[in-house]
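What follows is the content of data00.cif, which has mmCIF, C-alpha atoms:
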data_coords
loop_
_atom_site.label_atom_id
_atom_site.label_comp_id
_atom_site.auth_asym_id
_atom_site.auth_seq_id
_atom_site.Cartn_x
_atom_site.Cartn_y
_atom_site.Cartn_z
CA MET A 215 54.39 77.30 -67.59
CA LYS A 216 58.07 78.04 -67.38
CA LEU A 217 58.94 78.41 -63.71
CA ASP A 218 61.23 81.24 -62.71
CA THR A 219 64.15 79.46 -61.06
CA THR A 220 66.50 82.46 -60.89
CA GLY A 221 66.08 82.48 -57.14
CA LEU A 222 67.31 78.89 -56.91
CA GLU A 223 70.55 79.39 -58.78
CA SER A 224 73.52 79.55 -56.51
CA ALA A 225 75.44 82.79 -56.23
CA LEU A 226 78.75 80.92 -56.57
CA PRO A 227 79.84 80.54 -60.18
CA LEU A 228 80.59 77.07 -61.42
CA PHE A 229 84.36 76.96 -61.69
CA GLY A 230 86.29 75.46 -64.54
CA ALA A 231 85.09 74.16 -67.83
CA ASN A 232 86.73 70.81 -67.22
CA CYS A 233 84.64 70.11 -64.16
CA GLN A 234 82.76 67.19 -65.69
CA MET A 235 81.74 65.81 -62.33
CA VAL A 236 79.28 68.63 -61.74
CA ASP A 237 77.79 68.40 -65.21
CA GLY A 238 74.19 67.43 -65.07
CA PHE A 239 73.41 69.08 -61.75
CA THR A 240 73.91 72.59 -60.47
CA ALA A 241 75.25 73.47 -57.01
CA ALA A 242 72.84 73.16 -54.07
CA PRO A 243 69.82 75.44 -54.65
CA ALA A 244 69.55 78.37 -52.30
CA PHE A 245 66.94 81.11 -51.88
CA GLU A 246 67.31 84.67 -50.74
CA LEU A 247 66.76 85.28 -47.07
CA PRO A 248 65.40 88.57 -45.74
CA THR A 249 68.21 90.82 -44.52
CA THR A 250 67.09 90.96 -40.93
CA LEU A 251 67.97 89.36 -37.63
CA ASP A 252 64.39 88.72 -36.55
CA PHE A 253 62.90 86.31 -39.10
CA ASP A 254 59.66 85.85 -37.20
CA GLY A 255 58.95 89.45 -36.37
CA PHE A 256 60.08 91.57 -39.29
CA GLN A 257 56.69 91.52 -41.01
CA LYS A 258 54.98 92.74 -37.84
CA GLU A 259 57.61 95.47 -37.59
CA ALA A 260 56.72 96.61 -41.09
CA ILE A 261 53.03 96.85 -40.20
CA GLN A 262 53.86 98.73 -37.00
CA MET A 263 55.90 101.24 -39.01
CA VAL A 264 52.97 102.01 -41.31
CA LYS A 265 50.35 101.91 -38.54
CA PRO A 266 49.33 105.51 -37.85
CA ALA A 267 49.23 106.41 -34.18
CA LYS A 268 45.78 107.56 -33.17
CA GLY A 269 46.74 111.24 -33.05
CA THR A 270 43.41 112.84 -32.32
CA THR A 271 40.88 113.66 -29.62
CA THR A 272 37.31 112.45 -29.89
CA LEU A 273 34.75 112.08 -27.15
CA ALA A 274 31.12 111.16 -26.66
CA PHE A 275 28.83 110.87 -23.65
CA ILE A 276 25.23 109.98 -22.88
CA PHE A 277 23.16 112.36 -20.79
CA LYS A 278 19.52 113.15 -20.13
CA GLU A 279 18.85 114.78 -23.50
CA GLY A 280 20.66 112.22 -25.66
CA VAL A 281 24.26 111.77 -26.79
CA MET A 282 26.83 114.53 -27.17
CA VAL A 283 29.65 113.83 -29.67
CA ALA A 284 32.70 116.04 -30.14
CA ALA A 285 36.05 115.86 -31.93
CA ASP A 286 39.03 117.95 -33.03
CA SER A 287 40.02 118.28 -36.70
CA ARG A 288 43.79 117.88 -36.94
CA ALA A 289 45.49 115.22 -39.06
CA SER A 290 49.17 114.61 -38.40
CA MET A 291 51.80 112.47 -40.09
CA GLY A 292 54.48 112.13 -37.42
CA GLY A 293 55.54 115.71 -36.71
CA TYR A 294 53.89 117.25 -39.76
CA ILE A 295 50.37 118.65 -39.55
CA SER A 296 48.83 117.49 -42.80
CA SER A 297 45.44 119.10 -42.26
CA GLN A 298 43.61 121.30 -39.76
CA SER A 299 40.15 120.69 -41.21
CA VAL A 300 39.41 116.98 -41.15
CA LYS A 301 35.84 115.86 -40.53
CA LYS A 302 36.25 113.37 -37.73
CA ILE A 303 32.56 112.94 -36.99
CA ILE A 304 31.09 110.79 -39.73
CA GLU A 305 27.37 110.80 -40.42
CA ILE A 306 26.46 107.14 -40.84
CA ASN A 307 22.75 107.88 -41.23
CA PRO A 308 20.41 110.65 -40.00
CA TYR A 309 20.22 109.24 -36.47
CA MET A 310 23.69 107.65 -36.03
CA LEU A 311 27.16 109.17 -35.84
CA GLY A 312 30.62 107.63 -35.85
CA THR A 313 33.87 109.20 -34.68
CA MET A 314 37.22 108.79 -36.40
CA ALA A 315 40.47 107.92 -34.65
CA GLY A 316 43.33 105.99 -36.19
CA GLY A 317 43.66 105.63 -39.94
CA ALA A 318 41.48 108.19 -41.71
CA ALA A 319 40.87 106.02 -44.75
CA ASP A 320 40.01 102.98 -42.63
CA CYS A 321 37.51 104.91 -40.51
CA GLN A 322 35.85 106.70 -43.42
CA PHE A 323 35.56 103.61 -45.55
CA TRP A 324 34.22 101.30 -42.87
CA HIS A 325 31.75 103.86 -41.53
CA ARG A 326 30.43 104.50 -45.03
CA ASN A 327 30.29 100.75 -45.62
CA LEU A 328 28.39 100.38 -42.34
CA GLY A 329 25.90 103.06 -43.27
CA ILE A 330 25.10 101.91 -46.75
CA LYS A 331 25.73 98.18 -46.92
CA VAL A 332 24.74 97.24 -43.39
CA CYS A 333 22.34 99.78 -41.86
CA ARG A 334 20.41 100.77 -44.98
CA LEU A 335 20.10 97.13 -46.08
CA HIS A 336 18.81 96.15 -42.65
CA GLU A 337 16.22 98.95 -42.79
CA LEU A 338 15.01 97.87 -46.20
CA ALA A 339 14.95 94.17 -45.41
CA ASN A 340 13.34 94.43 -41.97
CA LYS A 341 11.22 97.60 -42.39
CA ARG A 342 12.70 99.08 -39.24
CA ARG A 343 15.84 100.98 -38.32
CA ILE A 344 18.83 99.04 -37.07
CA SER A 345 19.64 99.47 -33.38
CA VAL A 346 22.92 101.03 -32.20
CA THR A 347 23.73 97.69 -30.54
CA GLY A 348 23.26 95.87 -33.84
CA ALA A 349 25.22 98.33 -35.95
CA SER A 350 28.15 98.38 -33.52
CA LYS A 351 28.20 94.56 -33.25
CA LEU A 352 28.25 94.18 -37.04
CA LEU A 353 31.08 96.72 -37.34
CA ALA A 354 33.04 94.95 -34.58
CA ASN A 355 32.63 91.60 -36.32
CA ILE A 356 33.80 93.04 -39.65
CA LEU A 357 36.86 94.65 -38.03
CA TYR A 358 37.63 91.44 -36.12
CA SER A 359 37.75 89.45 -39.33
CA TYR A 360 40.55 91.77 -40.53
CA ARG A 361 42.60 91.53 -37.34
CA GLY A 362 46.34 91.32 -37.79
CA MET A 363 46.14 92.94 -41.24
CA GLY A 364 46.99 96.44 -40.12
CA LEU A 365 43.63 98.20 -39.92
CA SER A 366 43.67 101.05 -37.45
CA VAL A 367 40.21 102.08 -36.31
CA GLY A 368 39.21 103.49 -32.91
CA THR A 369 35.64 104.63 -33.24
CA MET A 370 32.57 105.39 -31.19
CA ILE A 371 29.12 104.64 -32.57
CA ALA A 372 26.56 107.02 -31.10
CA GLY A 373 22.87 107.01 -31.92
CA TRP A 374 19.30 107.09 -30.78
CA ASP A 375 17.15 104.01 -31.31
CA GLU A 376 13.99 102.49 -29.81
CA THR A 377 15.68 101.84 -26.49
CA GLY A 378 16.86 105.45 -26.22
CA PRO A 379 20.37 106.87 -26.55
CA GLY A 380 23.15 104.38 -27.27
CA LEU A 381 26.94 104.67 -27.24
CA TYR A 382 29.48 101.98 -28.10
CA TYR A 383 33.26 102.03 -28.48
CA VAL A 384 34.55 99.77 -31.28
CA ASP A 385 38.17 99.27 -32.36
CA SER A 386 40.22 97.37 -34.89
CA GLU A 387 41.58 94.96 -32.26
CA GLY A 388 38.04 93.59 -32.02
CA GLY A 389 37.10 95.36 -28.79
CA ARG A 390 33.51 96.56 -28.32
CA LEU A 391 32.39 98.28 -25.13
CA LYS A 392 29.10 99.78 -24.07
CA GLY A 393 29.34 102.75 -21.74
CA PRO A 394 28.08 106.19 -20.78
CA ARG A 395 31.31 108.14 -21.52
CA PHE A 396 34.22 107.52 -23.87
CA SER A 397 37.18 109.44 -25.21
CA VAL A 398 39.48 108.06 -27.90
CA GLY A 399 42.83 109.22 -29.22
CA SER A 400 46.17 110.61 -28.05
CA GLY A 401 44.41 113.55 -26.39
CA SER A 402 41.90 111.36 -24.58
CA PRO A 403 43.55 111.44 -21.11
CA TYR A 404 43.28 115.23 -21.07
CA ALA A 405 39.70 115.15 -22.31
CA TYR A 406 38.74 112.50 -19.73
CA GLY A 407 39.95 114.69 -16.89
CA VAL A 408 37.76 117.62 -17.87
CA LEU A 409 34.84 115.41 -18.93
CA ASP A 410 34.73 113.21 -15.82
CA SER A 411 34.94 116.10 -13.37
CA GLY A 412 32.29 118.24 -15.10
CA TYR A 413 29.83 115.47 -16.00
CA ARG A 414 26.30 115.25 -14.63
CA TYR A 415 23.55 113.11 -16.12
CA ASP A 416 20.94 115.86 -15.92
CA MET A 417 22.58 118.63 -17.92
CA SER A 418 20.85 120.76 -20.47
CA ILE A 419 21.94 120.56 -24.10
CA GLU A 420 23.83 123.86 -23.85
CA GLU A 421 25.67 122.79 -20.69
CA ALA A 422 26.60 119.44 -22.22
CA ALA A 423 27.79 121.10 -25.43
CA GLU A 424 29.94 123.50 -23.42
CA LEU A 425 31.43 120.60 -21.44
CA ALA A 426 32.25 118.72 -24.64
CA ARG A 427 33.74 121.81 -26.27
CA ARG A 428 35.84 122.57 -23.17
CA ALA A 429 37.11 118.99 -22.95
CA ILE A 430 38.24 119.05 -26.61
CA TYR A 431 39.85 122.46 -26.13
CA HIS A 432 41.88 121.30 -23.13
CA ALA A 433 43.02 118.20 -25.00
CA THR A 434 44.16 120.29 -27.98
CA PHE A 435 45.98 122.63 -25.59
CA ARG A 436 48.19 119.84 -24.20
CA ASP A 437 48.33 117.29 -27.03
CA GLY A 438 50.36 118.23 -30.09
CA ALA A 439 48.52 115.80 -32.34
CA SER A 440 45.13 117.41 -31.67
CA GLY A 441 43.97 120.83 -32.82
CA GLY A 442 42.10 122.72 -35.48
CA VAL A 443 38.37 123.05 -34.94
CA ALA A 444 36.33 121.60 -32.07
CA SER A 445 33.09 120.26 -33.59
CA VAL A 446 30.19 119.39 -31.33
CA TYR A 447 27.19 117.32 -32.40
CA HIS A 448 24.08 116.34 -30.47
CA VAL A 449 22.06 113.16 -31.12
CA GLY A 450 18.46 113.46 -29.99
CA PRO A 451 15.28 111.48 -30.57
CA ASN A 452 14.89 113.05 -34.02
CA GLY A 453 18.45 112.42 -35.14
CA TRP A 454 21.73 114.30 -35.00
CA LYS A 455 22.34 118.03 -35.29
CA LYS A 456 25.63 119.89 -35.54
CA LEU A 457 25.78 122.43 -32.75
CA SER A 458 29.10 124.22 -33.22
CA GLY A 459 32.50 124.23 -34.82
CA ASP A 460 34.90 126.60 -33.09
CA ASP A 461 38.58 127.13 -33.82
CA VAL A 462 40.48 126.10 -30.69
CA GLY A 463 42.82 129.06 -31.00
CA GLU A 464 39.87 131.40 -30.67
CA LEU A 465 38.43 129.29 -27.84
CA HIS A 466 41.71 129.76 -25.95
CA TYR A 467 41.33 133.54 -25.86
CA LYS A 468 37.65 133.21 -25.05
CA TYR A 469 38.41 131.07 -21.98
CA TYR A 470 41.61 132.87 -21.00
CA PRO A 471 41.29 136.45 -22.21
CA VAL A 472 44.44 138.57 -22.26
CA THR A 473 44.56 140.76 -19.18
CA PRO A 474 47.00 143.59 -18.79
CA SER A 475 49.45 142.59 -16.08
CA THR A 476 51.54 144.91 -13.90
CA VAL A 477 55.06 145.29 -15.11
CA GLU A 478 57.65 144.79 -12.37
CA GLN A 479 60.64 146.22 -14.07
CA GLU A 480 60.89 148.09 -17.24
CA MET A 481 63.87 148.51 -19.44
CA VAL A 482 64.64 152.18 -19.94
CA GLU A 483 66.67 153.81 -22.58
CA VAL A 484 70.14 154.65 -21.38
CA SER A 485 70.93 158.21 -22.38
CA ALA A 486 73.70 158.23 -24.93
CA ALA A 487 76.97 158.93 -23.17
CA GLU B 211 43.11 89.87 -25.94
CA ILE B 212 39.91 91.82 -25.95
CA GLY B 213 38.62 91.12 -29.46
CA CYS B 214 39.43 87.41 -29.36
CA ARG B 215 37.89 87.01 -25.91
CA VAL B 216 34.41 88.16 -26.86
CA GLN B 217 34.36 86.60 -30.31
CA PHE B 218 35.78 83.22 -29.25
CA THR B 219 33.67 82.75 -26.12
CA GLU B 220 30.47 83.79 -27.93
CA TYR B 221 31.34 81.32 -30.68
CA ILE B 222 31.68 78.52 -28.10
CA GLN B 223 28.47 79.61 -26.36
CA LYS B 224 26.44 79.52 -29.57
CA ASN B 225 27.83 76.16 -30.64
CA VAL B 226 27.06 74.62 -27.25
CA ALA B 227 23.50 75.94 -27.52
CA LEU B 228 23.25 74.59 -31.08
CA TYR B 229 24.22 71.13 -29.88
CA GLN B 230 21.42 71.25 -27.33
CA PHE B 231 18.89 72.31 -29.98
CA ARG B 232 20.00 69.65 -32.42
CA ASN B 233 20.30 66.75 -30.01
CA GLY B 234 17.79 67.53 -27.28
CA ILE B 235 20.27 67.06 -24.45
CA PRO B 236 22.91 69.50 -23.18
CA LEU B 237 26.63 68.88 -23.64
CA THR B 238 28.51 67.56 -20.61
CA THR B 239 31.16 69.83 -19.14
CA ALA B 240 33.94 67.51 -20.30
CA ALA B 241 32.58 67.49 -23.85
CA ALA B 242 32.26 71.27 -23.96
CA ALA B 243 35.79 71.68 -22.58
CA ASN B 244 37.20 69.29 -25.17
CA PHE B 245 35.33 71.09 -27.95
CA THR B 246 36.76 74.42 -26.78
CA ARG B 247 40.27 73.01 -26.66
CA GLY B 248 39.80 71.52 -30.12
CA GLU B 249 38.83 74.89 -31.56
CA LEU B 250 41.85 76.57 -29.95
CA ALA B 251 44.17 73.80 -31.19
CA THR B 252 42.89 74.03 -34.78
CA ALA B 253 43.43 77.78 -34.88
CA LEU B 254 46.77 77.64 -33.04
CA ARG B 255 49.10 77.17 -36.01
CA LYS B 256 47.27 79.57 -38.27
CA ASN B 257 45.55 82.41 -36.45
CA PRO B 258 45.70 81.75 -32.72
CA TYR B 259 43.08 83.05 -30.31
CA GLN B 260 44.71 84.84 -27.37
CA VAL B 261 42.10 83.63 -24.87
CA ASN B 262 42.44 81.70 -21.60
CA VAL B 263 39.34 79.93 -20.32
CA LEU B 264 38.32 78.41 -17.00
CA MET B 265 35.27 76.31 -17.76
CA ALA B 266 33.07 75.27 -14.82
CA GLY B 267 30.05 73.01 -15.10
CA TYR B 268 27.72 70.73 -13.23
CA ASP B 269 26.58 67.35 -14.56
CA LYS B 270 23.96 65.27 -12.80
CA GLU B 271 25.97 62.04 -12.52
CA ILE B 272 29.47 63.49 -12.22
CA GLY B 273 28.81 66.55 -10.06
CA PRO B 274 30.76 69.79 -10.46
CA SER B 275 33.94 69.94 -12.59
CA LEU B 276 36.44 72.64 -13.54
CA TYR B 277 38.64 72.73 -16.63
CA TYR B 278 41.73 74.89 -17.16
CA ILE B 279 42.10 75.76 -20.88
CA ASP B 280 45.13 77.74 -22.00
CA TYR B 281 45.51 79.94 -25.10
CA ILE B 282 47.83 77.29 -26.59
CA ALA B 283 45.10 74.66 -26.13
CA THR B 284 46.26 73.09 -22.90
CA LEU B 285 43.38 71.18 -21.29
CA HIS B 286 43.51 70.10 -17.66
CA LYS B 287 40.81 69.06 -15.24
CA VAL B 288 41.52 70.81 -11.93
CA ASP B 289 40.05 71.46 -8.50
CA ARG B 290 41.18 75.07 -8.48
CA GLY B 291 42.59 77.34 -11.15
CA ALA B 292 43.42 80.95 -11.92
CA PHE B 293 44.54 83.11 -14.87
CA GLY B 294 46.08 86.55 -15.10
CA TYR B 295 48.53 88.72 -13.17
CA GLY B 296 46.76 87.96 -9.90
CA SER B 297 46.81 84.21 -10.50
CA TYR B 298 49.97 83.65 -8.44
CA PHE B 299 48.40 85.20 -5.37
CA CYS B 300 45.11 83.36 -5.85
CA LEU B 301 46.70 79.98 -6.44
CA ALA B 302 48.75 80.26 -3.27
CA MET B 303 45.68 81.25 -1.24
CA MET B 304 43.66 78.41 -2.69
CA ASP B 305 46.45 75.87 -2.19
CA ARG B 306 46.64 76.84 1.46
CA HIS B 307 42.93 76.99 2.35
CA TYR B 308 41.17 74.66 -0.07
CA HIS B 309 39.89 71.26 0.97
CA SER B 310 37.35 69.09 -0.79
CA GLY B 311 33.86 69.21 0.66
CA MET B 312 33.83 72.92 1.48
CA THR B 313 30.50 74.58 2.15
CA VAL B 314 29.28 77.59 0.14
CA GLU B 315 30.13 79.92 3.03
CA GLU B 316 33.69 78.54 3.30
CA ALA B 317 34.10 78.85 -0.47
CA ILE B 318 32.91 82.48 -0.57
CA ASP B 319 35.24 83.19 2.34
CA LEU B 320 38.15 81.75 0.32
CA VAL B 321 37.18 83.86 -2.71
CA ASP B 322 37.10 86.96 -0.52
CA LYS B 323 40.56 86.12 0.80
CA CYS B 324 41.81 85.93 -2.81
CA ILE B 325 40.16 89.25 -3.74
CA LEU B 326 41.70 90.91 -0.68
CA GLU B 327 45.11 89.60 -1.66
CA ILE B 328 44.75 90.89 -5.23
CA ARG B 329 43.61 94.30 -4.00
CA SER B 330 46.52 94.68 -1.62
CA ARG B 331 49.33 93.24 -3.76
CA LEU B 332 48.52 93.95 -7.41
CA VAL B 333 49.50 97.33 -8.82
CA VAL B 334 47.00 97.05 -11.68
CA ALA B 335 44.22 95.52 -9.59
CA PRO B 336 40.77 95.77 -11.14
CA PRO B 337 38.30 97.67 -8.94
CA ASN B 338 35.28 95.36 -9.23
CA PHE B 339 34.74 91.60 -9.01
CA VAL B 340 31.78 89.33 -9.70
CA ILE B 341 31.29 85.97 -7.98
CA LYS B 342 29.27 83.30 -9.77
CA ILE B 343 28.26 79.81 -8.66
CA VAL B 344 27.50 76.72 -10.77
CA ASP B 345 25.62 73.92 -9.05
CA LYS B 346 22.65 71.59 -9.46
CA ASP B 347 20.37 74.62 -9.81
CA GLY B 348 22.40 76.00 -12.70
CA ALA B 349 24.79 78.90 -13.12
CA ARG B 350 23.98 82.21 -11.45
CA GLU B 351 25.52 85.45 -10.25
CA TYR B 352 26.08 85.18 -6.52
CA ALA B 353 27.55 88.52 -5.50
CA TRP B 354 29.59 91.56 -6.54
CA ARG B 355 32.57 93.01 -4.74
CA GLU B 356 32.76 96.61 -5.93
CA SER B 357 35.25 99.36 -5.14
CA VAL B 358 34.00 101.69 -7.87
CA LYS B 359 30.26 101.99 -8.39
CA PRO B 360 29.25 101.95 -12.07
CA ASP B 361 27.58 105.05 -13.50
CA ALA B 362 23.83 105.22 -12.98
CA THR B 363 23.14 105.52 -16.69
CA ALA B 364 25.22 102.57 -17.91
#

Since I need it in another form, could you write the structure as structure tokens?
Amino acid sequence: MKLDTTGLESALPLFGANCQMVDGFTAAPAFELPTTLDFDGFQKEAIQMVKPAKGTTTLAFIFKEGVMVAADSRASMGGYISSQSVKKIIEINPYMLGTMAGGAADCQFWHRNLGIKVCRLHELANKRRISVTGASKLLANILYSYRGMGLSVGTMIAGWDETGPGLYYVDSEGGRLKGPRFSVGSGSPYAYGVLDSGYRYDMSIEEAAELARRAIYHATFRDGASGGVASVYHVGPNGWKKLSGDDVGELHYKYYPVTPSTVEQEMVEVSAA
Amino acid sequence: EIGCRVQFTEYIQKNVALYQFRNGIPLTTAAAANFTRGELATALRKNPYQVNVLMAGYDKEIGPSLYYIDYIATLHKVDRGAFGYGSYFCLAMMDRHYHSGMTVEEAIDLVDKCILEIRSRLVVAPPNFVIKIVDKDGAREYAWRESVKPDATA
């Protein structure tokens, strides 16, 4: 195999035809260096540039009647809103949901992979459904094996298994946390505020749905990267069910209806002189 | 780092258990510490684990021992050790008040002094602490020091 040695040839031209001394060997071989000051970090910089910031708001919480899962539906590329109707709640199987934050392709692919290759296979091989603990651990292990390669996934796995309702937060750094309430994305601080102050374990399904919807609405109000439609899902003992999908613009006027306010000063027409 | 911490420590846990199953006797603390350091060292130049470990164990002949294992595979047998942002405060407290042959009550008192120091001096102090003890009766949870109660449903 003829090796490509063009990179080794020196940039300096060999001078003079009567330079017999240098016949037989070329000038010292050199290779092209990357045009950067930081040789150790430029590759990481490239990944960071491509890495999409988790511009979204998703939340999930466990309560008496199961798990409530809610998300917005805006996709943004920097300052451009690329879509207002993204499905951020992914149906892994009839009794398990996953939320999407981070790279859309990464989340969709790995959730689908989880549902079909991992969960379905487990069900067929073991004649029983996989637990939420098991599914989330397997997803976390898969994501961990790709660490450092630029995957961006910040997801919550919510489901109902033999032990009752289950909720785990899993991300592409390899983190996996079990908890009663989570919110993920750039709008999560706003959602947490509303969620934490309004949360009670013994809420009815309607109350919990309203809390979830309100939390997403407030996050979309303050966070520019969140918006679109607030979808709310409920996971109960018989599986998940979509409860509502309301446009946050309409929700704004529902929560804060326009009231006629008293006018302090009015501009009047000056009669033509 | 969070992913490495869980994955690496579970890996060490399972391998230590495997040794016990295969050989019928448990690994000594020194052996387990050296195994851990070896794994960190092997991965260091390729895909390093960002995990710091303080490994504490009790062996029948040797008694209790503590090993300080760094993320760059430093291994050091110590009497007292600490990791993290609060480590400076803790190390100073322990240097001042530690002496060999402390009773359990004196030791818990020293731990409480360290926790108090962290709570008062560290901006990003964690709210809750767990205290565990390893002795001839094994490893067990001794007490919690909580500022924020966990949710009832968790």

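Applied to this file, the PyMOL selection byres ((chain B) within 12 of (chain A)) selects the residues Glu211, Ile212, Gly213, Cys214, Arg215, Val216, Gln217, Phe218, Glu220, Tyr221, Lys256, Asn257, Pro258, Tyr259, Gln260, Pro360, Asp361, Ala362, Thr363 and Ala364 of chain B.
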
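Using the PyMOL selection byres ((chain B and resi 263) around 9) on this structure selects Thr219, Thr246, Val261, Asn262, Leu264, Met265, Tyr277, Tyr278, Ile279, Asp280, Tyr281 and Phe293 of chain B.
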
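Here CA of Gly280 in chain A is placed at a distance of 27.3 Å from CA of Asp320 in chain A.
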
Practice item. Provide the CA of Thr272 in chain A to CA of Val449 in chain A distance in Å, to one decimal place. Key: 15.3 Å

Exercise for review: Name all residues at most 12 Å from Gly401 in chain A (count all atoms listed in the file; drop same-chain ones fewer than 3 positions away) and give them as JSON, numbers by chain.
Suggested key: {"A": [267, 268, 269, 270, 271, 272, 273, 285, 286, 288, 315, 397, 398, 404, 405, 406, 407, 408, 429, 430, 431, 432, 433, 434, 435, 436, 437, 438, 439, 440, 441]}

Check your understanding: Smallest atom-to-atom distance to Asp410 in chain A: which of A:Gly463, A:Phe275, A:Glu305, A:Arg343, using all atoms listed in the file?
Key ->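 Closest candidate: A:Phe275.
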
Exercise for review: Give me the residues within 9 Å of Gly267 in chain B as a PyMOL selection string, counting only C-alpha atoms and dropping any in the same chain fewer than 3 places off.
Suggested key: chain B and resi 238-240+273-277+344-345+348-349

Practice item. Calculate how many Å separate CA of Ala241 in chain B from CA of Asn225 in chain B, rounding to one decimal. Key: 12.0 Å

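What the PyMOL selection byres ((chain B and resi 302-310) around 8) picks from this file is Arg290, Tyr298, Phe299, Cys300, Leu301, Gly311, Met312, Leu320, Lys323 and Cys324 of chain B.
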
Check your understanding: A:Asp254, A:Glu279, A:Glu337, A:Glu421: which is nearest Asn307 in chain A, counting all atoms listed in the file?
Key -> A:Glu337

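Neighbours of Arg329 in chain B closer than or equal to 12 Å, with all atoms listed in the file counted and sequence neighbours fewer than 3 positions away skipped, come out as Tyr295, Gly296, Phe299, Cys300, Asp322, Lys323, Cys324, Ile325, Leu326, Leu332, Val333, Val334, Ala335, Pro336, Pro337, Asn338, Phe339, Arg355, Glu356 and Ser357 of chain B.
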
**Study point:** Using all atoms listed in the file: which of A:Ser445, A:Thr369, A:Ser359, A:Ser475 has the shortest distance to Asp461 in chain A
**Key:** A:Ser445

**Study point:** Nearest candidate to Ile303 in chain A (options A:Gln322, A:Ser345, A:Ser418, A:Ser366; using only C-alpha atoms)
**Key:**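 Answer, going by the shortest atom-to-atom distance: A:Gln322.
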
Practice item. Pick out the closest residue to Asn244 in chain B from this set: B:Tyr229, B:Lys224, B:Thr284, B:Glu271. Count all atoms listed in the file. Key: B:Thr284

Padded axis-aligned box of range 298-301 of chain B (3 Å per side), centre and edge lengths, Å, one decimal, as lines of an AutoDock Vina configuration file:
center_x = 47.5
center_y = 82.6
center_z = -6.9
size_x = 10.9
size_y = 11.2
size_z = 9.1

Practice item. Measuring atom to atom with all atoms listed in the file, identify which of A:Thr220, A:Thr250, A:Ser400, A:Gln298 is nearest to Val462 in chain A. Key: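 Result for the nearest residue to Val462 in chain A: A:Gln298.
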